[in-house]
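Just input-v7.txt here, compact mmCIF, C-alpha atoms:
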# COMPACT_ATOMS: atom_id res chain seq x y z
CA MET A 1064 54.92 38.72 25.45
CA THR A 1065 52.38 40.55 23.35
CA ALA A 1066 50.48 38.46 20.87
CA SER A 1067 50.94 39.33 17.25
CA LEU A 1068 48.28 38.79 14.62
CA THR A 1069 49.56 38.72 11.07
CA VAL A 1070 47.21 38.77 8.12
CA ASP A 1071 48.73 38.15 4.73
CA ARG A 1072 46.70 38.50 1.53
CA LEU A 1073 43.78 36.89 3.30
CA THR A 1074 40.81 36.03 1.13
CA TYR A 1075 37.55 34.40 2.12
CA ARG A 1076 34.79 33.37 -0.24
CA TYR A 1077 31.26 32.23 0.63
CA SER A 1078 30.34 30.24 -2.50
CA ASP A 1079 30.21 33.09 -5.02
CA VAL A 1080 30.57 36.07 -2.66
CA VAL A 1081 34.03 37.40 -1.85
CA ALA A 1082 33.77 38.49 1.80
CA LEU A 1083 37.44 39.35 2.24
CA ASN A 1084 39.67 40.25 -0.64
CA GLU A 1085 43.44 39.98 -0.12
CA ILE A 1086 43.65 41.75 3.22
CA SER A 1087 47.09 42.25 4.74
CA LEU A 1088 47.78 43.80 8.11
CA ARG A 1089 49.68 43.27 11.31
CA LEU A 1090 48.53 43.88 14.88
CA ASP A 1091 51.22 43.52 17.51
CA THR A 1092 50.96 46.52 19.80
CA PRO A 1093 49.04 45.89 23.00
CA GLY A 1094 45.97 48.07 22.99
CA ILE A 1095 42.26 48.31 22.39
CA HIS A 1096 41.99 48.49 18.64
CA GLY A 1097 38.90 49.24 16.59
CA LEU A 1098 37.74 47.23 13.60
CA LEU A 1099 35.28 49.37 11.71
CA GLY A 1100 33.23 48.66 8.65
CA ARG A 1101 29.68 48.93 7.41
CA ASN A 1102 27.28 46.02 7.56
CA GLY A 1103 28.52 43.29 5.25
CA SER A 1104 31.99 44.81 4.93
CA GLY A 1105 33.69 41.64 6.20
CA LYS A 1106 34.37 42.50 9.88
CA THR A 1107 32.73 39.40 11.27
CA THR A 1108 34.35 37.19 8.64
CA LEU A 1109 37.76 38.62 9.54
CA MET A 1110 37.18 38.00 13.24
CA SER A 1111 35.91 34.48 12.54
CA LEU A 1112 39.11 33.76 10.65
CA ALA A 1113 41.18 35.34 13.43
CA SER A 1114 39.58 33.02 15.95
CA GLY A 1115 39.89 29.87 13.86
CA LEU A 1116 36.17 29.47 13.25
CA ARG A 1117 36.75 29.46 9.51
CA ARG A 1118 39.49 28.28 7.17
CA PRO A 1119 40.91 30.94 4.82
CA THR A 1120 40.06 30.48 1.15
CA ALA A 1121 43.46 31.92 0.28
CA GLY A 1122 46.24 33.75 2.05
CA GLN A 1123 47.15 33.42 5.68
CA ILE A 1124 46.19 34.56 9.13
CA ARG A 1125 48.57 33.72 11.97
CA LEU A 1126 48.88 34.27 15.69
CA ASN A 1127 52.47 34.52 16.86
CA GLY A 1128 53.52 33.06 13.53
CA GLN A 1129 51.27 30.00 13.86
CA PRO A 1130 48.27 29.27 11.62
CA ILE A 1131 45.06 29.57 13.62
CA PHE A 1132 42.59 27.22 11.95
CA GLU A 1133 42.49 23.78 13.61
CA ASN A 1134 45.43 24.72 15.80
CA TYR A 1135 44.62 24.11 19.45
CA ALA A 1136 47.73 25.88 20.74
CA ALA A 1137 46.77 29.05 18.89
CA THR A 1138 43.06 29.02 19.64
CA THR A 1139 43.52 28.70 23.41
CA GLU A 1140 45.26 32.09 23.20
CA ILE A 1141 42.21 33.60 21.54
CA CYS A 1142 38.79 34.57 22.84
CA ILE A 1143 36.04 35.91 20.64
CA ILE A 1144 32.75 37.22 21.95
CA ARG A 1145 30.21 37.64 19.23
CA GLU A 1146 26.96 39.51 19.03
CA SER A 1147 25.06 39.08 22.31
CA GLY A 1148 22.99 35.91 22.01
CA ASP A 1149 25.13 34.04 19.54
CA THR A 1150 27.23 31.90 21.87
CA THR A 1151 24.99 31.70 24.87
CA ALA A 1152 21.36 31.99 23.81
CA GLU A 1153 20.59 28.26 23.72
CA TRP A 1154 22.14 27.50 27.06
CA SER A 1155 19.60 26.18 29.49
CA GLU A 1156 22.34 26.10 32.10
CA SER A 1157 22.83 28.71 34.75
CA ILE A 1158 25.36 31.52 34.72
CA GLU A 1159 27.23 29.49 37.36
CA ASP A 1160 27.53 26.59 34.89
CA GLY A 1161 28.67 29.00 32.21
CA LEU A 1162 31.47 30.21 34.48
CA ALA A 1163 32.53 26.63 35.24
CA PHE A 1164 32.65 25.91 31.51
CA ALA A 1165 34.81 29.00 30.88
CA ARG A 1166 37.08 28.07 33.79
CA ASP A 1167 37.80 24.71 32.11
CA MET A 1168 38.22 26.16 28.64
CA ARG A 1169 40.24 29.28 29.31
CA PRO A 1170 43.86 28.93 30.41
CA TYR A 1171 44.08 32.56 31.57
CA TRP A 1172 40.66 32.64 33.25
CA ASP A 1173 40.47 34.91 36.32
CA GLU A 1174 37.74 33.58 38.59
CA ALA A 1175 37.93 36.33 41.20
CA TYR A 1176 37.62 38.97 38.51
CA ALA A 1177 34.66 37.14 36.95
CA ARG A 1178 32.88 37.22 40.33
CA LYS A 1179 33.56 40.92 40.66
CA LEU A 1180 32.07 41.53 37.23
CA LEU A 1181 28.96 39.52 38.14
CA ASP A 1182 28.39 42.02 40.95
CA ARG A 1183 29.23 44.99 38.83
CA PHE A 1184 26.91 43.90 36.01
CA GLU A 1185 24.24 42.83 38.53
CA LEU A 1186 23.98 39.27 37.26
CA SER A 1187 22.87 36.52 39.58
CA PRO A 1188 24.88 33.28 39.16
CA ARG A 1189 21.74 31.20 39.70
CA ARG A 1190 19.85 32.62 36.73
CA SER A 1191 19.52 30.42 33.68
CA VAL A 1192 21.23 31.93 30.67
CA ALA A 1193 18.30 31.23 28.37
CA GLN A 1194 16.03 33.34 30.54
CA LEU A 1195 18.22 36.42 30.55
CA SER A 1196 17.12 39.49 28.62
CA ARG A 1197 19.12 40.42 25.54
CA GLY A 1198 20.98 43.13 27.42
CA GLN A 1199 21.79 40.81 30.33
CA ARG A 1200 23.01 38.16 27.94
CA ALA A 1201 25.28 40.72 26.30
CA LYS A 1202 26.65 41.65 29.73
CA PHE A 1203 27.31 38.01 30.53
CA ALA A 1204 29.02 37.49 27.18
CA CYS A 1205 31.25 40.53 27.74
CA LEU A 1206 32.05 39.28 31.24
CA LEU A 1207 33.22 35.98 29.74
CA GLY A 1208 35.37 37.89 27.26
CA LEU A 1209 37.01 40.08 29.89
CA ALA A 1210 37.64 37.40 32.51
CA ALA A 1211 39.11 35.04 29.89
CA ARG A 1212 42.12 37.40 29.73
CA ALA A 1213 43.11 35.87 26.40
CA PRO A 1214 46.22 37.40 24.75
CA LEU A 1215 44.01 38.07 21.71
CA THR A 1216 40.52 39.11 22.77
CA MET A 1217 37.88 40.10 20.26
CA PHE A 1218 34.49 41.65 20.81
CA ASP A 1219 32.36 41.53 17.69
CA GLU A 1220 29.38 43.81 18.25
CA SER A 1221 29.25 42.10 21.62
CA TYR A 1222 27.24 44.75 23.34
CA LEU A 1223 24.30 44.90 20.98
CA GLY A 1224 21.24 44.96 23.18
CA MET A 1225 22.94 46.75 26.05
CA ASP A 1226 21.44 50.10 26.95
CA ALA A 1227 23.69 53.17 26.97
CA PRO A 1228 24.57 53.15 30.70
CA THR A 1229 25.52 49.47 30.48
CA ARG A 1230 27.65 50.08 27.41
CA TYR A 1231 29.54 52.82 29.21
CA ASP A 1232 29.98 50.50 32.15
CA PHE A 1233 31.44 47.94 29.77
CA TYR A 1234 33.82 50.51 28.24
CA ASP A 1235 35.03 51.45 31.72
CA ALA A 1236 35.52 47.80 32.69
CA LEU A 1237 37.31 47.09 29.42
CA LEU A 1238 39.68 50.03 29.84
CA GLU A 1239 40.44 49.24 33.51
CA ASP A 1240 41.05 45.60 32.78
CA TYR A 1241 43.13 46.35 29.72
CA MET A 1242 45.37 48.68 31.75
CA ALA A 1243 45.81 46.10 34.49
CA HIS A 1244 46.46 43.35 31.91
CA PRO A 1245 47.64 44.86 28.62
CA ARG A 1246 46.88 42.59 25.68
CA LEU A 1247 45.64 42.65 22.12
CA VAL A 1248 41.98 43.62 22.11
CA LEU A 1249 40.05 44.03 18.89
CA VAL A 1250 36.59 45.58 19.06
CA SER A 1251 34.08 45.98 16.27
CA SER A 1252 31.26 48.35 16.88
CA HIS A 1253 28.69 50.58 15.26
CA HIS A 1254 28.75 52.86 18.30
CA ILE A 1255 31.92 54.45 17.02
CA GLU A 1256 31.46 57.79 18.70
CA GLU A 1257 31.13 56.21 22.11
CA ILE A 1258 34.14 53.97 21.99
CA ALA A 1259 36.58 55.72 19.64
CA ARG A 1260 38.40 57.39 22.53
CA LEU A 1261 39.53 53.98 23.75
CA PHE A 1262 41.07 53.03 20.42
CA GLU A 1263 44.76 53.00 19.89
CA GLU A 1264 44.70 51.79 16.30
CA VAL A 1265 41.83 51.81 13.87
CA ILE A 1266 41.27 49.38 11.02
CA ILE A 1267 38.60 50.21 8.48
CA ILE A 1268 37.47 47.61 6.00
CA ASP A 1269 35.03 48.22 3.22
CA ASP A 1270 33.65 45.74 0.71
CA GLY A 1271 36.09 43.11 1.93
CA LYS A 1272 39.12 45.31 1.37
CA LEU A 1273 41.39 47.08 3.80
CA LEU A 1274 40.64 50.79 3.56
CA LEU A 1275 43.05 51.96 6.23
CA HIS A 1276 44.94 50.91 9.32
CA GLU A 1277 46.54 53.60 11.44
CA SER A 1278 46.74 55.06 14.91
CA ALA A 1279 43.50 56.61 16.15
CA GLU A 1280 45.40 59.77 17.01
CA ALA A 1281 46.70 60.15 13.46
CA LEU A 1282 43.31 59.35 11.97
CA ARG A 1283 41.64 61.97 14.14
CA GLY A 1284 44.11 64.52 12.84
CA ARG A 1285 43.34 63.75 9.22
CA GLY A 1286 39.92 65.31 9.02
CA MET A 1287 39.04 68.93 9.66
CA THR A 1288 35.99 71.12 9.41
CA VAL A 1289 36.38 74.75 8.38
CA THR A 1290 33.44 77.08 8.94
CA GLY A 1291 32.89 80.75 8.11
CA PRO A 1292 31.92 83.12 5.29
CA ALA A 1293 31.56 81.07 2.10
CA THR A 1294 34.11 82.96 -0.01
CA ALA A 1295 36.81 82.75 2.67
CA VAL A 1296 36.10 79.06 3.27
CA ASP A 1297 36.26 78.30 -0.45
CA SER A 1298 39.58 80.03 -0.89
CA VAL A 1299 41.17 78.19 2.07
CA ALA A 1300 39.74 74.82 1.03
CA ALA A 1301 40.61 75.12 -2.65
CA GLY A 1302 42.67 72.17 -3.86
CA SER A 1303 41.91 69.95 -0.82
CA THR A 1304 39.95 66.74 -0.69
CA ILE A 1305 36.48 67.80 0.37
CA LEU A 1306 34.39 65.10 2.03
CA SER A 1307 31.23 67.14 2.40
CA GLU A 1308 29.99 70.68 2.47
CA ARG A 1309 26.93 72.50 3.69
CA SER A 1310 25.75 76.07 3.63
CA LEU A 1311 23.56 78.20 5.82
CA GLY A 1312 22.94 81.56 4.11
CA SER A 1313 26.36 83.04 3.53
CA THR A 1314 28.03 80.71 6.03
CA LYS A 1315 29.68 77.60 4.74
CA SER A 1316 31.16 74.56 6.41
CA VAL A 1317 33.40 72.07 4.63
CA ALA A 1318 34.85 68.80 5.87
CA ILE A 1319 38.36 68.32 4.53
CA TYR A 1320 40.36 65.11 4.49
CA ASP A 1321 44.15 64.97 4.56
CA ALA A 1322 44.46 68.73 4.70
CA PRO A 1323 48.00 70.10 4.48
CA ALA A 1324 49.47 70.98 7.86
CA THR A 1325 49.33 74.68 7.09
CA LEU A 1326 45.62 74.73 6.34
CA ALA A 1327 44.42 75.08 9.93
CA GLU A 1328 46.71 78.04 10.49
CA GLN A 1329 45.63 79.64 7.24
CA ALA A 1330 42.00 79.18 8.20
CA ARG A 1331 42.45 80.68 11.64
CA ALA A 1332 44.40 83.60 10.20
CA ALA A 1333 41.44 84.24 7.91
CA GLY A 1334 39.18 84.30 10.99
CA LEU A 1335 37.56 80.96 10.18
CA GLU A 1336 36.57 78.38 12.73
CA THR A 1337 38.28 75.00 12.55
CA SER A 1338 37.62 71.73 14.33
CA LEU A 1339 38.87 68.19 14.05
CA LEU A 1340 36.57 65.67 12.45
CA PRO A 1341 35.58 62.84 14.84
CA ILE A 1342 36.58 59.33 13.77
CA GLN A 1343 32.93 58.43 13.29
CA ASP A 1344 32.53 61.23 10.71
CA ILE A 1345 35.69 60.23 8.89
CA PHE A 1346 34.44 56.65 8.82
CA VAL A 1347 31.05 57.70 7.45
CA HIS A 1348 32.61 59.83 4.72
CA LEU A 1349 35.16 57.23 3.68
CA THR A 1350 32.69 54.38 3.44
CA ALA A 1351 29.66 56.25 2.08
CA LYS A 1352 28.46 54.88 -1.22
CA ARG A 1353 28.66 57.75 -3.65
CA GLY A 1354 25.72 57.58 -6.01
CA LYS A 1355 24.52 54.45 -7.77
CA HIS A 1356 26.72 52.53 -10.14
CA MET B 967 35.03 66.81 28.59
CA PHE B 968 36.94 67.54 25.39
CA ASP B 969 36.17 69.82 22.49
CA ASP B 970 37.12 68.96 18.94
CA ARG B 971 39.31 71.97 18.29
CA SER B 972 42.54 70.15 18.98
CA PRO B 973 43.72 66.60 19.63
CA ILE B 974 42.79 65.10 23.00
CA TYR B 975 46.41 64.69 24.08
CA ARG B 976 46.94 68.41 23.41
CA GLN B 977 43.93 69.30 25.56
CA ILE B 978 45.14 67.14 28.43
CA ALA B 979 48.60 68.71 28.16
CA ASP B 980 47.04 72.18 28.19
CA ARG B 981 45.06 71.38 31.34
CA ILE B 982 48.16 70.20 33.14
CA LYS B 983 49.99 73.32 32.00
CA ALA B 984 47.16 75.49 33.32
CA ASP B 985 47.43 73.73 36.69
CA VAL B 986 51.17 74.29 36.74
CA ALA B 987 50.80 77.96 35.78
CA SER B 988 48.16 78.57 38.45
CA GLY B 989 50.24 76.82 41.08
CA ALA B 990 47.63 74.08 41.63
CA LEU B 991 50.49 71.72 40.79
CA GLY B 992 53.61 72.85 42.64
CA PRO B 993 57.28 72.39 41.75
CA ASP B 994 58.48 68.78 42.11
CA GLU B 995 54.94 67.68 42.80
CA GLN B 996 53.96 64.33 41.33
CA VAL B 997 51.22 64.29 38.71
CA MET B 998 48.70 61.48 38.41
CA SER B 999 49.79 58.45 36.39
CA THR B 1000 48.99 57.75 32.76
CA ASN B 1001 46.54 55.06 33.81
CA GLN B 1002 44.80 57.33 36.28
CA TYR B 1003 44.37 59.94 33.56
CA ALA B 1004 43.14 57.29 31.14
CA SER B 1005 40.54 56.02 33.63
CA PHE B 1006 39.42 59.49 34.60
CA TYR B 1007 38.86 60.67 31.04
CA GLY B 1008 37.89 57.28 29.59
CA ILE B 1009 40.61 57.43 26.94
CA ASN B 1010 43.23 54.99 25.80
CA PRO B 1011 46.41 55.14 27.89
CA ALA B 1012 48.57 55.85 24.84
CA THR B 1013 46.81 59.20 24.43
CA ALA B 1014 47.54 60.14 28.05
CA GLN B 1015 51.09 58.92 27.54
CA LYS B 1016 51.44 61.20 24.53
CA ALA B 1017 50.25 64.19 26.57
CA PHE B 1018 52.88 63.46 29.20
CA GLN B 1019 55.59 62.97 26.60
CA THR B 1020 54.72 66.35 25.05
CA LEU B 1021 55.06 68.00 28.45
CA VAL B 1022 58.38 66.28 29.10
CA ASP B 1023 59.62 67.50 25.70
CA GLU B 1024 58.49 71.01 26.58
CA GLY B 1025 60.25 70.84 29.93
CA VAL B 1026 57.09 71.18 32.01
CA LEU B 1027 57.36 67.70 33.53
CA TYR B 1028 60.24 65.40 34.23
CA LYS B 1029 60.32 61.68 34.71
CA ARG B 1030 61.68 59.75 37.66
CA ARG B 1031 62.39 56.24 36.60
CA GLY B 1032 59.92 53.80 38.11
CA LEU B 1033 58.22 56.52 40.12
CA GLY B 1034 56.33 58.69 37.69
CA MET B 1035 56.05 62.22 36.39
CA TYR B 1036 56.87 65.36 38.35
CA VAL B 1037 56.53 69.09 37.76
CA SER B 1038 59.82 70.69 36.69
CA PRO B 1039 61.03 73.26 39.24
CA GLY B 1040 61.13 76.25 36.84
CA ALA B 1041 58.04 75.26 34.84
CA ARG B 1042 55.59 77.69 36.42
CA GLU B 1043 57.80 80.74 35.78
CA ALA B 1044 58.48 79.59 32.22
CA LEU B 1045 54.78 79.09 31.49
CA ILE B 1046 53.88 82.46 32.95
CA ALA B 1047 56.64 84.14 30.94
CA GLU B 1048 55.31 82.43 27.82
CA LYS B 1049 51.78 83.59 28.60
CA ARG B 1050 53.01 87.15 29.11
CA THR B 1051 54.69 87.29 25.73
CA ARG B 1052 51.48 86.14 24.08
CA TYR B 1053 49.14 88.22 26.19
CA PHE B 1054 48.92 91.43 24.14
CA ASP B 1055 48.61 89.71 20.77
CA ALA B 1056 46.46 86.81 21.81
CA VAL B 1057 44.24 88.23 24.55
CA LEU B 1058 44.15 92.00 24.86
CA GLY B 1059 44.45 92.77 21.15
CA PRO B 1060 41.34 90.79 20.12
CA ALA B 1061 39.41 92.17 23.13
CA LEU B 1062 40.19 95.74 22.03
CA ASP B 1063 39.29 94.92 18.41
CA GLU B 1064 35.96 93.60 19.66
CA ALA B 1065 35.41 96.79 21.69
CA MET B 1066 36.10 98.99 18.66
CA ALA B 1067 33.83 96.86 16.49
CA ILE B 1068 30.86 97.48 18.74
CA GLY B 1069 31.66 101.17 19.16
CA ILE B 1070 33.13 101.35 22.65
CA SER B 1071 35.23 104.49 22.80
CA ALA B 1072 38.82 104.80 23.93
CA ASP B 1073 37.61 106.96 26.84
CA GLU B 1074 35.24 104.25 28.01
CA LEU B 1075 38.03 101.72 27.80
CA ARG B 1076 40.36 104.01 29.73
CA SER B 1077 37.89 104.62 32.54
CA PHE B 1078 37.19 100.90 32.81
CA PHE B 1079 40.92 100.25 32.87
CA ASN B 1080 41.50 102.90 35.55
CA ALA B 1081 38.69 101.61 37.73
CA ARG B 1082 39.97 98.06 37.46
CA THR B 1083 43.60 98.87 38.17
CA LYS B 1084 42.70 101.19 41.05
CA ARG B 1085 40.70 98.40 42.64
CA GLN B 1086 43.65 96.08 42.24
CA ASP B 1087 46.16 98.58 43.64
CA GLN B 1088 44.22 99.01 46.85

Structure re-expressed in structure tokens:
Amino acid sequence: MTASLTVDRLTYRYSDVVALNEISLRLDTPGIHGLLGRNGSGKTTLMSLASGLRRPTAGQIRLNGQPIFENYAATTEICIIRESGDTTAEWSESIEDGLAFARDMRPYWDEAYARKLLDRFELSPRRSVAQLSRGQRAKFACLLGLAARAPLTMFDESYLGMDAPTRYDFYDALLEDYMAHPRLVLVSSHHIEEIARLFEEVIIIDDGKLLLHESAEALRGRGMTVTGPATAVDSVAAGSTILSERSLGSTKSVAIYDAPATLAEQARAAGLETSLLPIQDIFVHLTAKRGKH
Amino acid sequence: MFDDRSPIYRQIADRIKADVASGALGPDEQVMSTNQYASFYGINPATAQKAFQTLVDEGVLYKRRGLGMYVSPGAREALIAEKRTRYFDAVLGPALDEAMAIGISADELRSFFNARTKRQDQ
């Protein structure tokens, strides 16, 4: 059975700062889903609440209908891997000890797979965790997250400190393992361009509020760039939501959001070039602070 | 691997269609699985699934329960017929427009055409 995470008017306050403001959403389709937001938008707070590390100030967050905070049955179904060092930096124990700990803690732990990942990530089980480099520690943390095989698995900026080849190796491992063992995976990342192709659904939060939650495919189709002679571009784009525009001599390029279905055809008929806006660009446009208040 | 002119699932579907049209994928031949496509391209399996579903809807592929996706027997002919109907408007027309725009004469085009077709007839 696929896990379902239900968030209902969830609010979290740190003394006088509202980190999450009445967020409601539901995740119940197996898949690798993206949680996107700028720094301080509330991503980490949301994941902390989803893993039972914090108690909601108001509203509810439930796994399979059960509250998560201080609920052992729910939290054993959940694994969260936070930014590289966070969970493992102080360990003086070896990687081997870390694996033994995870084996005891994690009901779905796959030991053989964990060993395979050690090889793949070139980690020696005898090394002490405290002596690992930041990148190695991130690899070890991601290994723990994958091999835990938890029905709800969350990676919160887990691969900070990994170099690009290692990140790609992690994406490959994540995708392979997800396909072999479909489950609910929620990933937050600032490397949106790299990982967006893995996403099935995308959640964007901004200033503690839910900005959007939809399929990655649909989101990708919502933004379009139209490029060509300025007058032709202007006449095609008139009346649409324009996210940004730039000019080079008489050539103009505009990024349009939620363009009507006919716009691409119109543009091509007018001899203009069109392309879809990558999710990263849509994210940047939607969360950019426009001017000072 | 993908451009941003159209959705990824569309581009995957187009590649499979091109393989069917060229004969690289024969009639009743099995195509790779959704997961194999997802691994190869590093995309989420739902996207690959959507590409396959599009091709099933268009009659290019058919599904055998529990076995996978196969190329429909008449798909190649249908795709070629479709390409032929689009050829003059979508391919030759723009090429001729381009030739006119840069001042290539009808005679030059004719002699090129004759040379090409003669070579092919031999």

Chain A contacts on chain B, all atoms listed in the file, 12 Å, as a ChimeraX atom specification: /B:967-976,999-1017,1060

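Closest approach to Asp1240 in chain A from the set A:Gly1312, A:Gly1271, A:Gly1291, A:Gly1208 is made by A:Gly1208, with distances taken over all atoms listed in the file.
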
Local residues around (63.3, 75.2, 33.1), at most 10 Å away, using all atoms listed in the file, as an MDAnalysis selection string: chainID B and resid 1024:1027 1038:1045

Quick one: residues within 10 Å of range 1218-1223 of chain A, only C-alpha atoms, excluding same-chain residues fewer than 2 positions away - as a short mmCIF file (atom, residue, chain, number, x, y, z; two decimals) with C-alpha atoms, in the frame of the given file?
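The new file part-v6.cif reads:
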data_model
loop_
_atom_site.label_atom_id
_atom_site.label_comp_id
_atom_site.auth_asym_id
_atom_site.auth_seq_id
_atom_site.Cartn_x
_atom_site.Cartn_y
_atom_site.Cartn_z
CA GLY A 1097 38.90 49.24 16.59
CA LEU A 1098 37.74 47.23 13.60
CA LYS A 1106 34.37 42.50 9.88
CA THR A 1107 32.73 39.40 11.27
CA MET A 1110 37.18 38.00 13.24
CA SER A 1111 35.91 34.48 12.54
CA CYS A 1142 38.79 34.57 22.84
CA ILE A 1143 36.04 35.91 20.64
CA ILE A 1144 32.75 37.22 21.95
CA ARG A 1145 30.21 37.64 19.23
CA GLU A 1146 26.96 39.51 19.03
CA SER A 1147 25.06 39.08 22.31
CA GLY A 1148 22.99 35.91 22.01
CA ASP A 1149 25.13 34.04 19.54
CA ARG A 1197 19.12 40.42 25.54
CA GLY A 1198 20.98 43.13 27.42
CA GLN A 1199 21.79 40.81 30.33
CA ARG A 1200 23.01 38.16 27.94
CA ALA A 1201 25.28 40.72 26.30
CA LYS A 1202 26.65 41.65 29.73
CA PHE A 1203 27.31 38.01 30.53
CA ALA A 1204 29.02 37.49 27.18
CA CYS A 1205 31.25 40.53 27.74
CA GLY A 1208 35.37 37.89 27.26
CA LEU A 1209 37.01 40.08 29.89
CA THR A 1216 40.52 39.11 22.77
CA MET A 1225 22.94 46.75 26.05
CA ASP A 1226 21.44 50.10 26.95
CA ALA A 1227 23.69 53.17 26.97
CA THR A 1229 25.52 49.47 30.48
CA ARG A 1230 27.65 50.08 27.41
CA PHE A 1233 31.44 47.94 29.77
CA VAL A 1248 41.98 43.62 22.11
CA LEU A 1249 40.05 44.03 18.89
CA VAL A 1250 36.59 45.58 19.06
CA SER A 1251 34.08 45.98 16.27
CA SER A 1252 31.26 48.35 16.88
CA HIS A 1253 28.69 50.58 15.26
CA HIS A 1254 28.75 52.86 18.30
#

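From CA of Glu1308 in chain A back to CA of His1276 in chain A, the distance works out to 25.7 Å.
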
Each residue of range 1104-1126 of chain A with at least one atom at most 8 Å from range 1133-1138 of chain A should appear once, together with its nearest atom pair and the corresponding distance in Å (one decimal); atoms considered: all atoms listed in the file; ordering: chain, then increasing residue number; output as JSON lines.
{"residue": "A:Ser1114", "atom": "CA", "partner": "A:Thr1138", "partner_atom": "CA", "distance": 6.5}
{"residue": "A:Gly1115", "atom": "CA", "partner": "A:Glu1133", "partner_atom": "CA", "distance": 6.6}
{"residue": "A:Leu1126", "atom": "CA", "partner": "A:Ala1137", "partner_atom": "CA", "distance": 6.5}

Store the residues picked out above in a file with C-alpha atoms, as a compact mmCIF listing (two decimals), keeping the file's coordinate frame.
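Okay, again.txt is ready:
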# COMPACT_ATOMS: atom_id res chain seq x y z
CA SER A 1114 39.58 33.02 15.95
CA GLY A 1115 39.89 29.87 13.86
CA LEU A 1126 48.88 34.27 15.69

For Arg1285 in chain A, the nearest of the candidates A:Leu1237, A:Ile1342, A:Leu1090, A:Leu1335, counting all atoms listed in the file: A:Ile1342

Adding 5 Å on each side of the box along x, y and z that holds all listed atoms of range 1004-1013 of chain B, could you give its centre and edge lengths in Å to one decimal, as lines of an AutoDock Vina configuration file?
center_x = 43.2
center_y = 57.8
center_z = 29.5
size_x = 20.7
size_y = 15.7
size_z = 20.2

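Relative to CA of Ile1124 in chain A, CA of Tyr1075 in chain A is found at 11.1 Å.
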
Shortest interatomic distance to Gly989 in chain B - which of B:Ile1046, B:Val1022, B:Met1035, B:Tyr1028, counting all atoms listed in the file: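 So, comparing all the options, the nearest one is B:Ile1046.
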
Selected residue, from A:Glu1328, A:Glu1085, A:Glu1140, A:Asp1091, that lies nearest to Thr1069 in chain A when counting only C-alpha atoms: A:Asp1091

Final N, CA, C and O atoms of range 1171-1180 of chain A as a JSON list (two decimals), in the frame of the given file:
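Written file, rebuild.json:
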[["chain", "number", "residue", "atom", "x", "y", "z"],
["A", 1171, "TYR", "N", 43.72, 31.34, 30.83],
["A", 1171, "TYR", "CA", 44.08, 32.56, 31.57],
["A", 1171, "TYR", "C", 42.92, 33.07, 32.43],
["A", 1171, "TYR", "O", 42.91, 34.21, 32.86],
["A", 1172, "TRP", "N", 41.89, 32.25, 32.56],
["A", 1172, "TRP", "CA", 40.66, 32.64, 33.25],
["A", 1172, "TRP", "C", 40.94, 33.19, 34.65],
["A", 1172, "TRP", "O", 41.71, 32.62, 35.41],
["A", 1173, "ASP", "N", 40.32, 34.32, 34.99],
["A", 1173, "ASP", "CA", 40.47, 34.91, 36.32],
["A", 1173, "ASP", "C", 39.13, 34.85, 37.05],
["A", 1173, "ASP", "O", 38.23, 35.67, 36.83],
["A", 1174, "GLU", "N", 39.01, 33.86, 37.91],
["A", 1174, "GLU", "CA", 37.74, 33.58, 38.59],
["A", 1174, "GLU", "C", 37.32, 34.74, 39.50],
["A", 1174, "GLU", "O", 36.16, 35.15, 39.51],
["A", 1175, "ALA", "N", 38.27, 35.27, 40.26],
["A", 1175, "ALA", "CA", 37.93, 36.33, 41.20],
["A", 1175, "ALA", "C", 37.41, 37.56, 40.45],
["A", 1175, "ALA", "O", 36.44, 38.20, 40.86],
["A", 1176, "TYR", "N", 38.05, 37.84, 39.31],
["A", 1176, "TYR", "CA", 37.62, 38.97, 38.51],
["A", 1176, "TYR", "C", 36.23, 38.72, 37.92],
["A", 1176, "TYR", "O", 35.37, 39.62, 37.89],
["A", 1177, "ALA", "N", 35.97, 37.48, 37.49],
["A", 1177, "ALA", "CA", 34.66, 37.14, 36.95],
["A", 1177, "ALA", "C", 33.57, 37.38, 37.99],
["A", 1177, "ALA", "O", 32.50, 37.93, 37.69],
["A", 1178, "ARG", "N", 33.87, 37.02, 39.24],
["A", 1178, "ARG", "CA", 32.88, 37.22, 40.33],
["A", 1178, "ARG", "C", 32.63, 38.70, 40.55],
["A", 1178, "ARG", "O", 31.52, 39.13, 40.81],
["A", 1179, "LYS", "N", 33.71, 39.47, 40.47],
["A", 1179, "LYS", "CA", 33.56, 40.92, 40.66],
["A", 1179, "LYS", "C", 32.67, 41.51, 39.58],
["A", 1179, "LYS", "O", 31.83, 42.37, 39.84],
["A", 1180, "LEU", "N", 32.88, 41.02, 38.34],
["A", 1180, "LEU", "CA", 32.07, 41.53, 37.23],
["A", 1180, "LEU", "C", 30.60, 41.14, 37.36],
["A", 1180, "LEU", "O", 29.71, 41.89, 36.98]]
